[in-house]
Every structure is written in structure tokens, then in C-alpha cells.
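Peer 1: my_file34.txt is the file, holding compact mmCIF, C-alpha atoms:
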```txt
# COMPACT_ATOMS: atom_id res chain seq x y z
CA MET E 1 0.00 0.00 0.00
CA ILE E 2 1.33 3.40 -1.02
CA ARG E 3 0.53 6.79 0.48
CA GLU E 4 -2.52 7.27 -1.74
CA ASP E 5 -3.91 3.95 -0.50
CA ARG E 6 -3.45 4.97 3.11
CA ASP E 7 -5.11 8.32 2.46
CA LEU E 8 -8.04 6.54 0.80
CA LEU E 9 -8.46 4.16 3.73
CA LEU E 10 -8.44 7.01 6.24
CA ARG E 11 -11.03 8.83 4.13
CA LEU E 12 -13.26 5.75 4.04
CA LEU E 13 -12.84 5.19 7.78
CA ASP E 14 -13.89 8.81 8.39
CA LEU E 15 -17.22 8.18 6.63
CA PRO E 16 -20.09 6.72 8.69
CA THR E 17 -21.41 3.87 6.55
CA ALA E 18 -23.49 1.80 8.96
CA GLY E 19 -26.85 1.30 7.28
CA PRO E 20 -30.37 2.05 8.55
CA LEU E 21 -30.69 -1.51 9.86
CA GLU E 22 -27.84 -0.66 12.28
CA THR E 23 -28.33 3.02 13.11
CA THR E 24 -30.56 6.06 12.75
CA GLY E 25 -27.51 8.24 12.15
CA GLU E 26 -26.03 9.64 8.97
CA VAL E 27 -25.23 7.16 6.18
CA ARG E 28 -22.56 8.25 3.67
CA LEU E 29 -22.23 5.16 1.53
CA TRP E 30 -22.68 7.08 -1.73
CA GLU E 31 -19.63 9.17 -0.87
CA ALA E 32 -17.65 6.07 0.06
CA MET E 33 -18.57 4.30 -3.19
CA ARG E 34 -17.58 7.30 -5.32
CA ALA E 35 -14.25 7.68 -3.52
CA TYR E 36 -13.52 4.01 -4.08
CA ALA E 37 -14.52 4.19 -7.77
CA ASP E 38 -12.30 7.23 -8.31
CA ALA E 39 -9.31 5.42 -6.79
CA ALA E 40 -9.97 2.32 -8.92
CA ALA E 41 -10.20 4.46 -12.07
CA GLY E 42 -6.58 5.43 -11.56
CA ILE E 43 -5.65 1.75 -12.00
CA GLY E 44 -7.73 1.39 -15.15
CA PHE E 45 -11.08 0.16 -13.80
CA GLU E 46 -14.29 1.31 -15.45
CA THR E 47 -17.52 1.67 -13.53
CA LEU E 48 -20.12 -0.75 -14.87
CA TYR E 49 -22.74 -0.01 -12.23
CA LEU E 50 -23.30 2.40 -9.36
CA GLY E 51 -26.77 2.56 -7.94
CA SER E 52 -29.30 1.63 -5.32
CA PRO E 53 -31.29 -1.60 -5.60
CA GLU E 54 -34.83 -1.73 -6.88
CA PRO E 55 -37.57 -2.03 -4.20
CA SER E 56 -38.56 -5.37 -5.71
CA VAL E 57 -35.50 -6.99 -4.09
CA LEU E 58 -37.34 -6.86 -0.77
CA ASN E 59 -40.07 -9.17 -2.04
CA ARG E 60 -37.76 -12.06 -2.91
CA PRO E 61 -37.65 -15.40 -1.07
CA GLY E 62 -35.10 -15.48 1.74
CA VAL E 63 -35.25 -11.77 2.56
CA PRO E 64 -35.09 -11.47 6.38
CA VAL E 65 -38.21 -10.06 8.03
CA ALA E 66 -36.28 -7.10 9.48
CA VAL E 67 -35.18 -6.09 5.97
CA ARG E 68 -38.63 -6.58 4.47
CA GLU E 69 -40.33 -4.59 7.23
CA ALA E 70 -37.84 -1.72 6.92
CA GLY E 71 -39.64 -0.76 3.70
CA PRO E 72 -38.18 0.38 0.39
CA ASP E 73 -37.26 3.98 1.33
CA PHE E 74 -34.04 3.03 3.11
CA LEU E 75 -32.63 1.49 -0.08
CA ALA E 76 -31.88 4.96 -1.46
CA CYS E 77 -28.82 5.21 0.80
CA GLN E 78 -27.65 1.65 0.12
CA PRO E 79 -25.77 1.80 -3.21
CA SER E 80 -23.50 -0.87 -4.60
CA LEU E 81 -20.70 -0.54 -7.14
CA VAL E 82 -19.33 -2.79 -9.90
CA LEU E 83 -15.91 -2.14 -11.42
CA ARG E 84 -14.15 -3.98 -14.23
CA LEU E 85 -10.64 -4.05 -15.62
CA GLY E 86 -10.23 -5.87 -18.94
CA PRO E 87 -12.50 -8.48 -20.54
CA ALA E 88 -15.74 -9.74 -19.05
CA SER E 89 -14.56 -13.35 -19.30
CA PRO E 90 -12.54 -15.04 -18.09
CA ALA E 91 -12.50 -12.92 -14.98
CA VAL E 92 -11.69 -13.13 -11.31
CA MET E 93 -14.19 -11.30 -9.12
CA PHE E 94 -13.49 -9.77 -5.72
CA ASN E 95 -16.35 -8.80 -3.41
CA VAL E 96 -15.87 -6.26 -0.62
CA HIS E 97 -18.45 -4.52 1.52
CA LEU E 98 -18.15 -0.86 2.45
CA ASP E 99 -21.05 -0.84 4.88
CA THR E 100 -20.21 -1.42 8.53
CA VAL E 101 -21.84 -2.16 11.83
CA ALA E 102 -22.63 0.56 14.36
CA PRO E 103 -21.51 2.43 16.37
CA PHE E 104 -19.16 4.65 14.43
CA GLU E 105 -15.62 4.93 15.79
CA PRO E 106 -13.16 7.74 14.94
CA ALA E 107 -10.42 6.84 12.47
CA GLY E 108 -6.73 6.97 13.22
CA PHE E 109 -3.34 5.87 11.93
CA ASP E 110 -0.04 5.84 13.82
CA GLY E 111 2.14 4.69 10.94
CA VAL E 112 1.70 1.01 11.82
CA ARG E 113 -1.97 0.49 12.66
CA PHE E 114 -5.27 1.80 11.31
CA ILE E 115 -8.13 2.09 13.78
CA GLY E 116 -11.77 2.81 13.13
CA ARG E 117 -15.00 1.13 12.17
CA GLY E 118 -14.39 -1.01 9.11
CA ALA E 119 -10.60 -1.12 9.48
CA ILE E 120 -10.63 -4.93 9.12
CA ASP E 121 -14.29 -5.51 8.16
CA ALA E 122 -13.93 -4.57 5.41
CA LYS E 123 -12.68 -1.13 4.31
CA GLY E 124 -9.06 -2.05 5.01
CA PRO E 125 -9.20 -5.18 2.83
CA ALA E 126 -11.07 -3.17 0.16
CA VAL E 127 -8.20 -0.71 -0.17
CA ALA E 128 -5.55 -3.44 0.06
CA LEU E 129 -7.40 -5.17 -2.78
CA LEU E 130 -6.87 -2.16 -5.07
CA ALA E 131 -3.19 -2.07 -4.14
CA GLY E 132 -2.88 -5.75 -5.03
CA VAL E 133 -4.56 -5.33 -8.42
CA ARG E 134 -2.37 -2.31 -9.20
CA ALA E 135 0.72 -4.42 -8.45
CA ALA E 136 -0.63 -7.24 -10.65
CA VAL E 137 -1.11 -4.85 -13.58
CA ALA E 138 2.47 -3.70 -13.18
CA ALA E 139 3.77 -7.26 -12.90
CA ASP E 140 2.24 -8.87 -16.00
CA PRO E 141 0.64 -7.49 -19.19
CA ALA E 142 -1.72 -10.49 -19.23
CA VAL E 143 -3.69 -8.80 -16.44
CA GLY E 144 -6.54 -6.91 -18.04
CA ARG E 145 -5.64 -8.29 -21.47
CA ASP E 146 -6.04 -12.07 -21.30
CA ALA E 147 -8.30 -12.04 -18.24
CA GLY E 148 -10.42 -9.49 -16.47
CA VAL E 149 -10.74 -8.34 -12.88
CA LEU E 150 -14.18 -7.55 -11.50
CA ILE E 151 -14.86 -5.84 -8.17
CA GLN E 152 -18.18 -5.72 -6.36
CA ALA E 153 -18.19 -3.07 -3.62
CA VAL E 154 -21.48 -3.59 -1.85
CA SER E 155 -23.77 -2.41 0.87
CA GLY E 156 -26.21 -4.68 2.69
CA GLU E 157 -23.66 -7.12 4.08
CA GLU E 158 -24.10 -6.00 7.69
CA GLY E 159 -27.25 -5.37 9.73
CA GLY E 160 -28.60 -8.84 9.14
CA ALA E 161 -29.36 -8.05 5.49
CA MET E 162 -27.37 -11.10 4.35
CA GLY E 163 -26.56 -9.52 1.00
CA THR E 164 -30.17 -9.72 -0.14
CA PHE E 165 -30.16 -6.21 -1.63
CA GLY E 166 -26.41 -5.87 -2.30
CA THR E 167 -24.51 -8.91 -3.50
CA ARG E 168 -27.50 -11.03 -4.50
CA PRO E 169 -28.89 -8.77 -7.28
CA LEU E 170 -25.38 -8.14 -8.61
CA VAL E 171 -24.67 -11.86 -8.89
CA GLU E 172 -28.04 -12.45 -10.52
CA ALA E 173 -27.23 -9.68 -13.04
CA GLY E 174 -24.15 -11.67 -14.08
CA PHE E 175 -21.51 -9.62 -12.27
CA HIS E 176 -19.32 -12.52 -11.20
CA GLY E 177 -16.28 -14.39 -12.46
CA GLU E 178 -15.12 -17.93 -12.95
CA LEU E 179 -13.20 -17.42 -9.69
CA ASN E 180 -14.80 -15.34 -6.94
CA ILE E 181 -13.05 -14.11 -3.80
CA PHE E 182 -15.02 -12.60 -0.92
CA CYS E 183 -12.77 -10.38 1.16
CA GLU E 184 -13.55 -11.19 4.79
CA PRO E 185 -11.13 -11.72 7.70
CA THR E 186 -9.89 -15.32 7.52
CA GLY E 187 -6.33 -14.96 8.76
CA LEU E 188 -5.16 -15.25 5.11
CA ARG E 189 -6.50 -18.79 4.85
CA TYR E 190 -8.93 -19.51 2.04
CA LEU E 191 -12.33 -20.81 3.03
CA PRO E 192 -14.06 -22.57 0.11
CA ARG E 193 -17.43 -22.81 1.85
CA CYS E 194 -19.90 -20.52 3.52
CA SER E 195 -22.57 -21.36 6.02
CA ALA E 196 -25.94 -19.67 6.13
CA SER E 197 -28.13 -19.05 9.13
CA MET E 198 -31.77 -18.87 10.08
CA THR E 199 -33.37 -16.99 12.93
CA ALA E 200 -36.37 -18.25 14.86
CA CYS E 201 -38.48 -16.15 17.19
CA VAL E 202 -40.36 -18.15 19.83
CA ARG E 203 -43.27 -15.90 20.75
CA VAL E 204 -45.66 -15.91 23.68
CA ARG E 205 -48.83 -13.85 23.30
CA GLY E 206 -50.79 -13.91 26.55
CA ASP E 207 -52.38 -11.61 29.10
CA ASP E 208 -50.55 -9.31 31.48
CA ALA E 209 -51.32 -9.19 35.20
CA ILE E 210 -50.59 -6.95 38.16
CA ASP E 211 -47.88 -8.09 40.55
CA ASP E 212 -50.41 -8.44 43.40
CA GLU E 213 -52.34 -11.09 41.46
CA PRO E 214 -49.81 -12.79 39.19
CA HIS E 215 -51.95 -15.91 38.84
CA ARG E 216 -54.50 -13.97 36.76
CA GLY E 217 -52.11 -13.50 33.87
CA HIS E 218 -49.73 -15.48 31.69
CA ASN E 219 -46.12 -15.30 32.81
CA ALA E 220 -44.20 -15.09 29.55
CA THR E 221 -40.93 -14.51 31.40
CA VAL E 222 -41.08 -17.84 33.22
CA LEU E 223 -42.34 -19.73 30.17
CA LEU E 224 -39.75 -18.31 27.76
CA GLY E 225 -36.97 -18.64 30.32
CA PHE E 226 -37.86 -22.31 30.71
CA LEU E 227 -37.97 -22.81 26.94
CA ALA E 228 -34.61 -21.06 26.52
CA GLN E 229 -32.93 -23.56 28.83
CA HIS E 230 -34.82 -26.50 27.37
CA LEU E 231 -33.88 -25.60 23.78
CA ALA E 232 -30.26 -24.87 24.70
CA LEU E 233 -29.91 -28.46 25.92
CA ASP E 234 -32.18 -30.14 23.39
CA LEU E 235 -30.79 -28.51 20.22
CA ALA E 236 -27.19 -29.15 21.24
CA ASP E 237 -27.80 -32.79 20.30
CA HIS E 238 -28.71 -31.79 16.73
CA GLY E 239 -26.29 -29.02 15.76
CA ARG E 240 -25.00 -25.56 16.56
CA VAL E 241 -27.38 -22.93 17.88
CA CYS E 242 -27.07 -19.49 19.43
CA VAL E 243 -29.69 -18.94 22.12
CA ALA E 244 -29.82 -15.19 21.79
CA GLY E 245 -32.08 -12.43 23.17
CA LEU E 246 -35.07 -12.91 25.45
CA HIS E 247 -37.38 -9.99 26.14
CA THR E 248 -40.64 -9.57 28.00
CA GLY E 249 -40.43 -6.24 29.83
CA HIS E 250 -38.44 -3.89 32.04
CA LEU E 251 -40.65 -3.25 35.07
CA HIS E 252 -40.73 -5.15 38.35
CA ASN E 253 -44.34 -4.62 39.37
CA ARG E 254 -46.23 -6.60 36.76
CA VAL E 255 -46.37 -9.96 35.06
CA TYR E 256 -45.69 -9.71 31.35
CA GLY E 257 -47.94 -11.94 29.31
CA SER E 258 -46.07 -11.50 26.04
CA GLY E 259 -42.46 -11.82 24.99
CA GLU E 260 -39.97 -13.19 22.49
CA LEU E 261 -37.01 -15.54 22.51
CA LEU E 262 -34.56 -15.39 19.59
CA LEU E 263 -32.44 -18.29 18.36
CA ASN E 264 -29.93 -18.10 15.52
CA ILE E 265 -29.07 -21.37 13.82
CA PRO E 266 -26.17 -21.73 11.35
CA TYR E 267 -26.16 -24.51 8.77
CA ASP E 268 -23.96 -25.65 5.89
CA SER E 269 -26.54 -27.37 3.67
CA ARG E 270 -30.24 -27.37 2.95
CA GLU E 271 -30.47 -30.81 4.53
CA ALA E 272 -28.91 -29.51 7.73
CA ALA E 273 -31.31 -26.56 7.72
CA ALA E 274 -34.33 -28.86 7.37
CA LYS E 275 -33.01 -31.02 10.21
CA MET E 276 -32.56 -28.06 12.54
CA THR E 277 -35.94 -26.58 11.61
CA SER E 278 -37.63 -29.83 12.57
CA ALA E 279 -35.52 -30.11 15.73
CA LEU E 280 -36.46 -26.61 16.85
CA GLU E 281 -40.16 -27.09 16.29
CA ASP E 282 -40.06 -30.46 18.06
CA GLY E 283 -38.05 -28.88 20.88
CA VAL E 284 -40.63 -26.15 21.42
CA ARG E 285 -43.39 -28.76 21.65
CA SER E 286 -41.45 -30.95 24.07
CA GLY E 287 -40.44 -27.88 26.06
CA ILE E 288 -44.03 -26.80 26.44
CA ALA E 289 -44.97 -30.29 27.57
CA ALA E 290 -42.19 -30.25 30.16
CA PHE E 291 -43.28 -26.80 31.35
CA VAL E 292 -46.86 -27.98 31.80
CA ALA E 293 -45.73 -31.02 33.78
CA ARG E 294 -43.60 -28.88 36.06
CA PHE E 295 -45.77 -25.80 36.64
CA SER E 296 -49.41 -26.82 36.27
CA GLU E 297 -49.82 -27.43 40.02
CA ILE E 298 -48.16 -24.17 41.08
CA PRO E 299 -50.95 -21.58 41.57
CA ALA E 300 -49.00 -18.57 40.29
CA PHE E 301 -48.30 -20.34 36.99
CA ALA E 302 -51.29 -22.65 36.58
CA ARG E 303 -52.97 -20.47 33.97
CA THR E 304 -49.71 -20.12 32.03
CA ALA E 305 -49.27 -23.89 32.03
CA ALA E 306 -52.87 -24.54 30.99
CA ASP E 307 -52.63 -22.17 28.02
CA ALA E 308 -48.93 -22.59 27.14
CA ALA E 309 -49.48 -24.41 23.87
CA ALA E 310 -52.15 -21.96 22.73
CA ILE E 311 -50.18 -18.79 23.44
CA THR E 312 -46.78 -19.95 22.09
CA ASP E 313 -45.71 -20.12 18.48
CA VAL E 314 -42.60 -19.92 16.30
CA ARG E 315 -42.07 -17.15 13.77
CA TRP E 316 -39.14 -17.46 11.35
CA LEU E 317 -37.44 -14.09 10.93
CA LYS E 318 -34.84 -15.43 8.51
CA ARG E 319 -34.69 -18.71 6.62
CA ASP E 320 -34.33 -20.38 3.20
CA LEU E 321 -30.91 -18.88 2.44
CA PRO E 322 -28.46 -20.98 0.39
CA ALA E 323 -25.21 -22.32 1.79
CA LEU E 324 -22.02 -22.55 -0.25
CA THR E 325 -20.52 -26.04 -0.23
CA ALA E 326 -16.79 -26.58 -0.59
CA ARG E 327 -15.09 -27.11 -3.94
CA ASP E 328 -11.38 -27.50 -4.60
CA ILE E 329 -9.70 -24.37 -5.97
CA PRO E 330 -6.42 -25.48 -7.56
CA LEU E 331 -5.24 -21.93 -8.20
CA LEU E 332 -5.23 -21.18 -4.46
CA ASP E 333 -3.69 -24.47 -3.35
CA GLY E 334 -0.01 -23.98 -2.64
CA LEU E 335 -0.43 -20.22 -2.65
CA VAL E 336 -2.39 -19.79 0.55
CA PRO E 337 -3.32 -22.23 3.37
CA ARG E 338 -6.77 -23.74 3.25
CA TRP E 339 -9.17 -23.31 6.15
CA PRO E 340 -9.30 -26.66 7.99
CA ASP E 341 -12.28 -28.80 7.05
CA ASP E 342 -13.04 -29.56 10.70
CA GLU E 343 -13.07 -25.90 11.75
CA PRO E 344 -16.47 -24.15 11.53
CA GLY E 345 -16.71 -21.45 8.90
CA PHE E 346 -18.97 -18.42 9.02
CA THR E 347 -21.72 -16.67 7.12
CA CYS E 348 -21.07 -13.97 4.54
CA ASP E 349 -22.29 -12.86 1.11
CA ALA E 350 -20.40 -15.70 -0.60
CA LEU E 351 -23.53 -17.81 -0.08
CA TRP E 352 -25.07 -16.14 -3.16
CA LEU E 353 -22.61 -17.97 -5.42
CA ALA E 354 -23.88 -21.33 -4.13
CA ASP E 355 -26.02 -22.16 -7.16
CA VAL E 356 -24.12 -20.35 -9.92
CA PRO E 357 -22.75 -22.87 -12.44
CA GLY E 358 -19.20 -22.70 -13.73
CA THR E 359 -17.86 -20.82 -10.72
CA ARG E 360 -15.48 -21.45 -7.85
CA THR E 361 -15.75 -19.32 -4.75
CA ALA E 362 -13.65 -18.71 -1.66
CA VAL E 363 -13.59 -16.37 1.32
CA LEU E 364 -10.16 -14.84 1.93
CA GLY E 365 -8.87 -11.82 3.78
CA PRO E 366 -6.47 -10.47 6.39
CA GLY E 367 -6.93 -10.56 10.15
CA SER E 368 -9.73 -12.18 12.08
CA LEU E 369 -13.15 -11.04 13.21
CA GLY E 370 -12.37 -11.63 16.87
CA GLY E 371 -8.67 -10.87 16.96
CA ASN E 372 -9.04 -7.49 15.22
CA ASN E 373 -12.10 -6.45 17.24
CA ALA E 374 -14.48 -6.39 14.29
CA HIS E 375 -18.01 -5.44 15.36
CA SER E 376 -16.66 -4.20 18.70
CA ALA E 377 -14.69 -1.35 20.28
CA GLY E 378 -11.15 -0.80 19.08
CA GLU E 379 -11.41 -2.33 15.60
CA TYR E 380 -8.03 -2.19 13.88
CA ALA E 381 -5.91 -3.40 10.98
CA ASP E 382 -2.12 -3.35 10.83
CA VAL E 383 -0.37 -2.16 7.68
CA GLU E 384 1.65 -5.37 7.65
CA GLU E 385 -1.40 -7.63 7.44
CA LEU E 386 -3.03 -5.45 4.78
CA ASP E 387 0.19 -5.52 2.74
CA ARG E 388 0.32 -9.32 2.97
CA PHE E 389 -3.20 -9.45 1.61
CA SER E 390 -2.22 -7.11 -1.23
CA ASP E 391 0.61 -9.48 -2.11
CA LEU E 392 -1.81 -12.40 -2.22
CA VAL E 393 -4.24 -10.49 -4.44
CA ARG E 394 -1.37 -9.72 -6.83
CA GLU E 395 -0.39 -13.38 -7.05
CA ILE E 396 -3.99 -14.56 -7.50
CA VAL E 397 -4.67 -12.09 -10.30
CA VAL E 398 -1.38 -12.79 -12.08
CA ARG E 399 -1.78 -16.58 -11.87
CA PHE E 400 -5.39 -16.37 -13.05
CA SER E 401 -4.44 -14.15 -15.98
CA ARG E 402 -1.43 -16.23 -17.04
CA ASN E 403 -3.49 -19.41 -16.93
CA GLY E 404 -6.31 -17.94 -18.97
CA GLY E 405 -8.71 -18.24 -16.05
CA ALA E 406 -7.90 -21.85 -15.22
```
Please re-express this file's structure in C-alpha cells.
Peer 2:
Amino acid sequence: MIREDRDLLLRLLDLPTAGPLETTGEVRLWEAMRAYADAAAGIGFETLYLGSPEPSVLNRPGVPVAVREAGPDFLACQPSLVLRLGPASPAVMFNVHLDTVAPFEPAGFDGVRFIGRGAIDAKGPAVALLAGVRAAVAADPAVGRDAGVLIQAVSGEEGGAMGTFGTRPLVEAGFHGELNIFCEPTGLRYLPRCSASMTACVRVRGDDAIDDEPHRGHNATVLLGFLAQHLALDLADHGRVCVAGLHTGHLHNRVYGSGELLLNIPYDSREAAAKMTSALEDGVRSGIAAFVARFSEIPAFARTAADAAAITDVRWLKRDLPALTARDIPLLDGLVPRWPDDEPGFTCDALWLADVPGTRTAVLGPGSLGGNNAHSAGEYADVEELDRFSDLVREIVVRFSRNGGA
């Protein structure tokens, strides 16, 4: 990375780009996309697309409820960008996201380390990507002549949007390559698979009661608390699950009759998703039965036990997303370590390449989500790790171009 790259990264880090699903604050993604496109133009990239998605993307299968219910107006500040250097095919595509999580954190650079929201996830890798392509162009005339380089710079990766209005419509419009690299923190190991996830909301809809007469209402707190523990144990026998938020109310002087329990369930195949869906629904039924057996004779909870099955249901907030299964990628073997097959992967926009024929896809980037404090306070990226990623990008692009896309 040269001085201009570092200046670009600091400029991007200075821009608040968390989307409306994350914050009610200012969103300056248009400015970030234009700054990135201008920098890429200096390497020789042309802008094929810069725009916001059509409202119709919200009505597609697999769109999370939170995204659908946000309505179409927020899409105006959620642009995505497609850049291309050289021929349309064969081409290697790199996907980066310029949106971030909230809250915004001030940017900084001490000569060794960048700090700020997006430093590692994924504005830092986005800038290092441009540096790597620039070096590849300088290293071999085949780059941009015998093979093309495509870049998707997207919004809608964070906030639980799952790429449904960013990466997905770009892929469906044909903006992908024979080889596709999604720039996410993997510790510079390539991950040739991508899990998806589904989110279930176990809801209780009952009657409130005053604290002096708790038996007159339905105690959603006790019921959902019981189900949370029951499902945590029961689902562990079937696969991974995150027992997440539970909410009924904030006050001490009433019984809350309604509430919600959230569970997030990752999966790596449609078969695994179907298995976990069935396991969750069975677990809720068995949990209710166990609750009834335990609480039906306790006066304060007798009404809750009697009506538990009638007032409890499961609403799926997110489901039916594809998962990317692993394929060998000979070009990357020997160049970069492969993510171990027995180590769990993670979810990112690479899942939208799952059903695209004639493609190979991997997730690859510097740093790690946990180690570099992504999504938390003190997010950072060191120049050294960004430079190593730039070197890898150069080698990938040169090898792809010399081999005619093979």
C-alpha cells in the first residue's frame, strides 16, 4: 500500500457507513462508493454499475423479516458498485463490503496500525485489494488483457441483510467471475465454503397481570426462560445454535404476558437446515410439555401452564438462504493455506454464489473477526497484514491471468 492507498483508507474510515438496519444516524455510503470508484479508475477500472437496488428486491424469497419490514425507502442510501478491468470473461471477481456495523468509531493511523470502524471488516481489505490489483497490472501485461478483474463493492452485508439487496442482485445480473473471492477476515486462509443461518423467534402472546395477582395473567418470562434452557440443551444434540435475546419487559411490578425468545441457527446445507428446523419445532413442543408437567400445580403459573401451547408459536425471521458447499480451488492451493475442514466457517455474502454454475468461490482476507475487534470497540488493521493481503491479491490475479482463467 502506497501513500494514496493509506489516504483513501483514512477517508473511508472517516465516513459513517453503517446502514439504517444498524443506526438512525447519517449514512454516507454514496460518498464512500464514489471515492472508491475514483481510486480504482486510476488503476484502469471502469464503472459498470453504481446505484441503489430496486424495491422489488425486498419481495424475494429469503429476505429477512427485518429487511422486508424496513420498507423500500431506506434502499436509497444503500448503493453498490461494480468495477471492471479488462474483458468480461474469463474474470476473477473480488467482493468487498463498504457498509459497517454501528456504532461509528473515529479513524486513526499511527504509521503502523489503522483504527476505526471497518478497518478490518472490510474497508481495510477493500483498499488493500486495489493495491494488489495495481501491483498485478504492473507485474504482468496479461492482467486486463487475457483475463479481467471484477470488483463488487457492496452495501447490505451488515445489519442482518445477508446480501439480499447488495450482492445477491449483482450476482443475478451476471456480475461474477469464474473465480470469486469474498474479502472477509480469515487470517489469510482460504475458506471454500460458507454457512448460512436462520433466525427463529419463539413468541408468547398472553395476558398481562398486576404483581399483586400474578396468577390472573400469563407469565411469559417464566415460560420463555424455561424454553430457553430446554432448547439450549435439546438442540445441542442436533447441531450448533445461538440462544440469543429474550425480552418480556423492564418493570418489576407486573407480570408480562407476552415476549420473544430469539435463536440463531447456522447450517452448511439445505439438509442440515431442514433437520434443525424440525428439531427446533419439536423442541418447542417438548419444552411446552415439560413446562406444563412442572408448573401446572403451582398456583401462580397454573394459567400459564394450561394455556402454554395456545399462546406460544414460532415465527421465522430469517430462513431459506443458500449455503455454499466446498469445492477445490487449484489456483489457491499452494499459494495460501486452506481453512481446515473440521473448523467451523462463518456466514457472509459468498452464499449467493452457491447455485451459480461454472464458478469457484472462496472467502479470503487479512486478520480475524475476533482478533481485530471487528463489530466491537477498538477495531483495527495493521499495515503489515493489509500488505500481505495485497501481495496475495497480486499473485492470485497474475496466476489467473497467465493461466487464462484456469
Peer 1: Nearest to Glu69 in chain E among E:Met33, E:Ala142, E:Leu317, E:Ala326, with distances taken over all atoms listed in the file: which residue is it?
Peer 2: E:Leu317
Peer 1: Choose the residue, out of E:Tyr49, E:Phe94, E:Trp30, E:Phe346, that has the smallest atom-to-atom separation from Val397 in chain E; count all atoms listed in the file.
Peer 2: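 That would be E:Phe94, the residue with the smallest distance to Val397 in chain E.
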Peer 1: Using only C-alpha atoms, which of the listed residues (E:Gly365, E:Gly108, E:Pro357, E:Gly217) sits closest to Ala306 in chain E?
Peer 2: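 Of all the options, E:Gly217 lies closest to Ala306 in chain E.
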Peer 1: Identify, on the basis of only C-alpha atoms, every residue whose closest approach to Ala88 in chain E does not exceed 12 Å; exclude the query and any residue fewer than 5 positions from it along the same chain; express the result as a PyMOL selection string.
Peer 2: chain E and resi 46+48+83+93+144-151+174-178+405
Peer 1: Out of E:Asp282, E:Asp234, E:Asp121, E:Asp387, which residue has the shortest atom-to-atom distance to Gly371 in chain E when counting only C-alpha atoms?
Peer 2: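 Nearest candidate to Gly371 in chain E out of E:Asp282, E:Asp234, E:Asp121, E:Asp387: E:Asp121.
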Peer 1: Between CA of Ala196 in chain E and CA of Val27 in chain E, what is the distance, to one decimal in Å?
Peer 2: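 So the answer is 26.8 Å.
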Peer 1: For Pro61 in chain E, which of E:Gly367, E:Gly118, E:Pro322, E:Gly25 is the closest residue, counting only C-alpha atoms?
Peer 2: E:Pro322
Peer 1: One decimal, in Å: what's the spacing between CA of Gly42 in chain E and CA of Leu9 in chain E?
Peer 2: 15.5 Å
Peer 1: Applying 6 Å and all atoms listed in the file, which residues near range 251-256 of chain E remain after dropping the ones on its own chain fewer than 4 positions away? List them as JSON, numbers by chain.
Peer 2: {"E": [208, 209, 210, 211, 219, 220]}
Peer 1: Just write the chosen residues, C-alpha atoms, as an mmCIF file, keeping the file's coordinate frame.
Peer 2:
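What landed in selection.cif:
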```
data_model
loop_
_atom_site.group_PDB
_atom_site.id
_atom_site.type_symbol
_atom_site.label_atom_id
_atom_site.label_comp_id
_atom_site.auth_asym_id
_atom_site.auth_seq_id
_atom_site.Cartn_x
_atom_site.Cartn_y
_atom_site.Cartn_z
ATOM 1 C CA ASP E 208 -50.550 -9.310 31.480
ATOM 2 C CA ALA E 209 -51.320 -9.190 35.200
ATOM 3 C CA ILE E 210 -50.590 -6.950 38.160
ATOM 4 C CA ASP E 211 -47.880 -8.090 40.550
ATOM 5 C CA ASN E 219 -46.120 -15.300 32.810
ATOM 6 C CA ALA E 220 -44.200 -15.090 29.550
#
```
